[in-house]
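*Asks:* First the structure, which I've put down as structure tokens, then a few questions once you've had a look.
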Number of protein chains: 4
Amino acid sequence: MEGFRFSTDLRVRYAETDAQGVVHNAVYLVWFEIARIAYLDQFPGGYRGLVEAGMEATTIESHARYLLSTRFDDRLRIWARASDLRGARFRFDYVIGRDGEVVADGWTTHACVDATTMRPTRMPPALRERIEEIEGG
Amino acid sequence: MEGFRFSTDLRVRYAETDAQGVVHNAVYLVWFEIARIAYLDQFPGGYRGLVEAGMEATTIESHARYLLSTRFDDRLRIWARASDLRGARFRFDYVIGRDGEVVADGWTTHACVDATTMRPTRMPPALRERIEEIEGG
Amino acid sequence: MEGFRFSTDLRVRYAETDAQGVVHNAVYLVWFEIARIAYLDQFPGGYRGLVEAGMEATTIESHARYLLSTRFDDRLRIWARASDLRGARFRFDYVIGRDGEVVADGWTTHACVDATTMRPTRMPPALRERIEEIEGG
Amino acid sequence: MEGFRFSTDLRVRYAETDAQGVVHNAVYLVWFEIARIAYLDQFPGGYRGLVEAGMEATTIESHARYLLSTRFDDRLRIWARASDLRGARFRFDYVIGRDGEVVADGWTTHACVDATTMRPTRMPPALRERIEEIEGG
């Protein structure tokens, strides 16, 4: 996918569908999160390591466009890219593809927070440097 | 809430929280849907009646802003407003309040589709008229 | 419902359905939890109060029987009864009805745990007494 | 795992946790379903193929025992075994392991139904034979 260097794959669960026979719109935000977490696996310890080190990320905003329905058992690829790293804040963009066709896209914005106080805190420099390295300078 | 004539109330479920101790971001889209469906209760037969009459609504786009965390057992009020009724398409805006404070807002866009073919179809005139009546001329 | 003194009502959410057009089997455990929490509203402060006082309840076992399908917008009544209060452990039984017909039933067992250590702890005497009072001597 | 010939792996999603910091009890039923569907991948076309051929399976009963908490990012292995194939009915048993330790187990019973009428129908002979072959005669 043009502009993306990272992707992760998933298979649609039966429980993710609704009575229209397609995946429920809220599930896409769960998939975006799965892609963010898979993306952070590129950082030593991953998201779990960040949480254990006392950092959490809260979601500030989410946006999704549903272009084509997805269904039970579809094999999807989710492309993810981090950007706009400013202080405590960062943004992720996503594109969801199926057999080479884009079925959805979206973005989320986040803030790093201290896991104890839940107050905004600057992104750990090592994480910032790793993301900049992944996304290319 | 300024600009809204309809609201519905809900209580946060334990299952809606995540390990941060707050409600997961995807759940807000489920709440938006609950508000849309409650809104359509103002139309005879409600959303269920529309589905039984062969109409479905698909979600085209969603947007949410998470302003303050919500937690287990919070009592929330969701304000909803339909707008931009054009052909098959329509839009809903939402504001979620807790004790008079806004905790989140967002919007979704939709298309009416034929329940059998899933192809876009004009909104039933009786529904359009009822919405225009609710939202005021 | 014979043998039950408490019930709470709910309306099936669209997001709770799956591609078979009926409610997904996992959702019934969420409903059981909603009934437990509503049941504990009869205790001052409710489940939230217990959590704030440093007690949590973990689920040890769950069982559900799905007798009749439930669908979007169904109005359900969930009957709940606490029993078998022994030390840290207790049990809840449930019956889910729709228009006077039983659509599902089940039970769950739980242990009271200290919210900090997550180790089993005796049920607070005031809660035990309140439950015994509710269920009748 | 003694008595099981099939397993599938999964990684715990953040959205599957609740405010206790552990996975919500209802999620285990979703995981059981994932294991059933992965199991049926051993049959040509998988569960999706059966659905497309006009067969569905409904869940009649579910049972789960929660032995140890599971948490975000845990890598789990779900063992699954089909048994008790009688007419339209069948049963699945499950064991969930983490690092060689059993964290949960359970079982579900199901009925094959005609996808159009939703009435019980005998399991397709080819599926029955494949399951008997997998489970060993």
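By order in the structure tokens, chains are A, B, ...; within a chain, residues start at 1; ligands start at 1, following the order shown.
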Might you pull out every residue within 6 Å of range 21-33 of chain B, with only C-alpha atoms counted and same-chain residues fewer than 2 positions away left off, and present them as a list in words?
*Replies:* Ala26 and Leu29 of chain A; Glu16, Thr17, Asp18, Ala19, Ala35, Arg36, Thr70 and Arg71 of chain B; Ala19 of chain D
*Asks:* Select from chain C everything DSSP, run on the backbone, classes as strand (DSSP E or B), then give the selection as JSON, numbers by chain.
*Replies:* {"C": [6, 7, 8, 9, 10, 11, 17, 23, 55, 56, 57, 58, 59, 60, 61, 62, 63, 64, 65, 66, 75, 76, 77, 78, 79, 80, 81, 82, 83, 84, 85, 86, 89, 90, 91, 92, 93, 94, 95, 96, 97, 98, 101, 102, 103, 104, 105, 106, 107, 108, 109, 110, 111, 112, 113, 114, 120]}
*Asks:* Could you do a least-squares fit of chain B on chain A over every C-alpha atom, in sequence order, and give the output as a compact mmCIF listing (two decimals) with C-alpha atoms, in the first residue's frame?
*Replies:*
# COMPACT_ATOMS: atom_id res chain seq x y z
CA MET B 1 0.01 -0.02 0.00
CA GLU B 2 1.39 3.35 -1.09
CA GLY B 3 2.69 5.27 1.91
CA PHE B 4 2.60 2.36 4.36
CA ARG B 5 5.54 0.25 5.50
CA PHE B 6 3.72 -1.93 8.02
CA SER B 7 0.76 -4.27 7.85
CA THR B 8 -0.76 -7.08 9.87
CA ASP B 9 -3.27 -9.73 8.84
CA LEU B 10 -6.46 -10.95 10.44
CA ARG B 11 -9.38 -13.20 9.71
CA VAL B 12 -12.91 -11.99 10.43
CA ARG B 13 -14.48 -13.70 13.45
CA TYR B 14 -18.07 -14.89 13.37
CA ALA B 15 -18.76 -12.91 16.54
CA GLU B 16 -17.74 -9.72 14.67
CA THR B 17 -20.67 -9.94 12.26
CA ASP B 18 -24.15 -8.57 12.86
CA ALA B 19 -27.65 -9.39 11.62
CA GLN B 20 -26.95 -7.63 8.30
CA GLY B 21 -24.52 -10.47 7.64
CA VAL B 22 -21.57 -8.07 7.61
CA VAL B 23 -19.05 -6.90 10.20
CA HIS B 24 -20.45 -4.35 12.66
CA ASN B 25 -19.05 -0.83 12.23
CA ALA B 26 -17.64 -0.66 15.79
CA VAL B 27 -15.40 -3.68 15.16
CA TYR B 28 -13.20 -1.67 12.78
CA LEU B 29 -11.97 0.38 15.74
CA VAL B 30 -10.96 -2.87 17.45
CA TRP B 31 -9.06 -3.83 14.30
CA PHE B 32 -7.35 -0.43 14.21
CA GLU B 33 -6.20 -1.10 17.77
CA ILE B 34 -4.91 -4.56 16.81
CA ALA B 35 -2.89 -2.92 14.03
CA ARG B 36 -1.48 -0.27 16.43
CA ILE B 37 -0.43 -2.95 18.89
CA ALA B 38 1.12 -5.10 16.14
CA TYR B 39 2.91 -1.98 14.89
CA LEU B 40 4.38 -1.41 18.34
CA ASP B 41 5.72 -4.98 18.33
CA GLN B 42 8.48 -3.43 16.25
CA PHE B 43 9.52 -1.62 19.46
CA PRO B 44 11.30 -3.84 22.05
CA GLY B 45 8.69 -5.14 24.51
CA GLY B 46 5.83 -3.86 22.38
CA TYR B 47 2.79 -2.04 23.78
CA ARG B 48 2.75 -4.43 26.74
CA GLY B 49 6.29 -3.35 27.58
CA LEU B 50 5.28 0.31 27.45
CA VAL B 51 2.34 -0.38 29.78
CA GLU B 52 4.61 -2.29 32.15
CA ALA B 53 7.02 0.66 32.06
CA GLY B 54 4.20 2.90 33.28
CA MET B 55 3.00 4.41 29.99
CA GLU B 56 -0.46 4.12 28.51
CA ALA B 57 -1.96 5.66 25.40
CA THR B 58 -5.47 7.06 25.44
CA THR B 59 -7.55 7.53 22.32
CA ILE B 60 -8.58 11.14 21.65
CA GLU B 61 -10.36 10.81 18.32
CA SER B 62 -11.31 8.11 15.82
CA HIS B 63 -12.49 8.19 12.26
CA ALA B 64 -13.47 5.33 9.95
CA ARG B 65 -14.77 5.08 6.39
CA TYR B 66 -16.58 1.88 5.45
CA LEU B 67 -16.10 1.43 1.71
CA LEU B 68 -17.04 -2.21 1.13
CA SER B 69 -18.73 -4.67 3.48
CA THR B 70 -16.58 -7.28 5.15
CA ARG B 71 -17.91 -10.70 6.09
CA PHE B 72 -17.25 -13.73 8.26
CA ASP B 73 -13.99 -15.47 7.41
CA ASP B 74 -12.69 -12.67 5.17
CA ARG B 75 -8.90 -12.44 5.23
CA LEU B 76 -7.97 -8.80 5.75
CA ARG B 77 -4.71 -6.90 5.73
CA ILE B 78 -4.51 -3.78 7.88
CA TRP B 79 -1.89 -1.23 6.93
CA ALA B 80 -0.85 1.15 9.70
CA ARG B 81 1.38 4.22 9.88
CA ALA B 82 2.27 6.44 12.83
CA SER B 83 2.68 10.15 12.28
CA ASP B 84 2.34 13.60 13.84
CA LEU B 85 4.48 12.80 16.86
CA ARG B 86 4.21 15.99 18.87
CA GLY B 87 4.89 16.06 22.62
CA ALA B 88 2.44 13.61 24.15
CA ARG B 89 0.34 13.25 21.00
CA PHE B 90 0.53 10.99 17.99
CA ARG B 91 -1.65 9.80 15.14
CA PHE B 92 -2.17 6.50 13.34
CA ASP B 93 -3.55 6.07 9.82
CA TYR B 94 -5.03 2.79 8.63
CA VAL B 95 -6.08 1.16 5.38
CA ILE B 96 -7.85 -2.19 5.40
CA GLY B 97 -7.49 -4.31 2.28
CA ARG B 98 -9.00 -7.57 1.07
CA ASP B 99 -7.58 -9.33 -1.97
CA GLY B 100 -5.87 -6.13 -3.08
CA GLU B 101 -9.00 -4.00 -2.75
CA VAL B 102 -9.42 -1.29 -0.10
CA VAL B 103 -12.47 -2.04 2.05
CA ALA B 104 -12.06 0.63 4.75
CA ASP B 105 -9.70 3.29 6.02
CA GLY B 106 -9.44 5.60 8.98
CA TRP B 107 -7.27 7.27 11.58
CA THR B 108 -7.01 7.69 15.31
CA THR B 109 -5.24 10.24 17.50
CA HIS B 110 -3.79 9.44 20.89
CA ALA B 111 -2.00 10.89 23.87
CA CYS B 112 0.67 9.21 25.94
CA VAL B 113 -0.33 9.29 29.58
CA ASP B 114 1.32 8.27 32.79
CA ALA B 115 -0.29 4.94 33.73
CA THR B 116 -0.64 5.98 37.37
CA THR B 117 -1.87 9.56 37.11
CA MET B 118 -3.41 9.23 33.60
CA ARG B 119 -1.98 12.70 32.89
CA PRO B 120 -0.37 13.45 29.49
CA THR B 121 3.32 12.72 29.34
CA ARG B 122 5.84 13.02 26.49
CA MET B 123 6.31 9.93 24.36
CA PRO B 124 9.41 8.01 25.55
CA PRO B 125 12.33 9.19 23.33
CA ALA B 126 13.32 5.62 22.45
CA LEU B 127 9.82 4.95 21.12
CA ARG B 128 9.75 8.21 19.16
CA GLU B 129 13.11 7.39 17.60
CA ARG B 130 12.02 3.86 16.72
CA ILE B 131 8.86 5.15 15.04
CA GLU B 132 10.80 7.76 13.08
CA GLU B 133 13.19 5.03 12.01
CA ILE B 134 10.30 2.75 10.93
CA GLU B 135 8.52 5.49 9.02
CA GLY B 136 11.74 6.60 7.36
CA GLY B 137 13.52 9.93 7.62
*Asks:* DSSP on the backbone: which residues in range 1-107 of chain B end up as helix (DSSP H, G or I)? Give the answer as JSON, numbers by chain.
*Replies:* {"B": [14, 15, 16, 27, 28, 29, 30, 31, 32, 33, 34, 35, 36, 37, 38, 39, 40, 46, 47, 48, 49, 50, 51, 52]}
*Asks:* Emit the selected residues as a PDB file, in the first residue's frame, including C-alpha atoms.
*Replies:*
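Resulting contents of selection.pdb:
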ATOM      1  CA  TYR B  14     -18.885  -3.711  33.112  1.00  0.00           C
ATOM      2  CA  ALA B  15     -18.175  -5.608  29.886  1.00  0.00           C
ATOM      3  CA  GLU B  16     -17.721  -2.248  28.103  1.00  0.00           C
ATOM      4  CA  VAL B  27     -17.984   0.961  22.460  1.00  0.00           C
ATOM      5  CA  TYR B  28     -18.921   4.575  21.705  1.00  0.00           C
ATOM      6  CA  LEU B  29     -19.925   3.523  18.190  1.00  0.00           C
ATOM      7  CA  VAL B  30     -22.250   0.931  19.733  1.00  0.00           C
ATOM      8  CA  TRP B  31     -23.746   3.692  21.888  1.00  0.00           C
ATOM      9  CA  PHE B  32     -24.192   5.927  18.834  1.00  0.00           C
ATOM     10  CA  GLU B  33     -26.138   3.075  17.243  1.00  0.00           C
ATOM     11  CA  ILE B  34     -28.287   2.666  20.357  1.00  0.00           C
ATOM     12  CA  ALA B  35     -29.107   6.379  20.154  1.00  0.00           C
ATOM     13  CA  ARG B  36     -29.984   6.120  16.415  1.00  0.00           C
ATOM     14  CA  ILE B  37     -32.288   3.198  17.089  1.00  0.00           C
ATOM     15  CA  ALA B  38     -33.925   4.952  20.063  1.00  0.00           C
ATOM     16  CA  TYR B  39     -34.328   8.033  17.847  1.00  0.00           C
ATOM     17  CA  LEU B  40     -36.133   5.955  15.237  1.00  0.00           C
ATOM     18  CA  GLY B  46     -39.031   1.979  14.788  1.00  0.00           C
ATOM     19  CA  TYR B  47     -35.877   0.678  13.093  1.00  0.00           C
ATOM     20  CA  ARG B  48     -37.167  -2.874  13.449  1.00  0.00           C
ATOM     21  CA  GLY B  49     -40.246  -1.892  11.462  1.00  0.00           C
ATOM     22  CA  LEU B  50     -38.078  -0.403   8.716  1.00  0.00           C
ATOM     23  CA  VAL B  51     -36.016  -3.606   8.556  1.00  0.00           C
ATOM     24  CA  GLU B  52     -39.191  -5.691   8.416  1.00  0.00           C
TER      25      GLU B  52
END
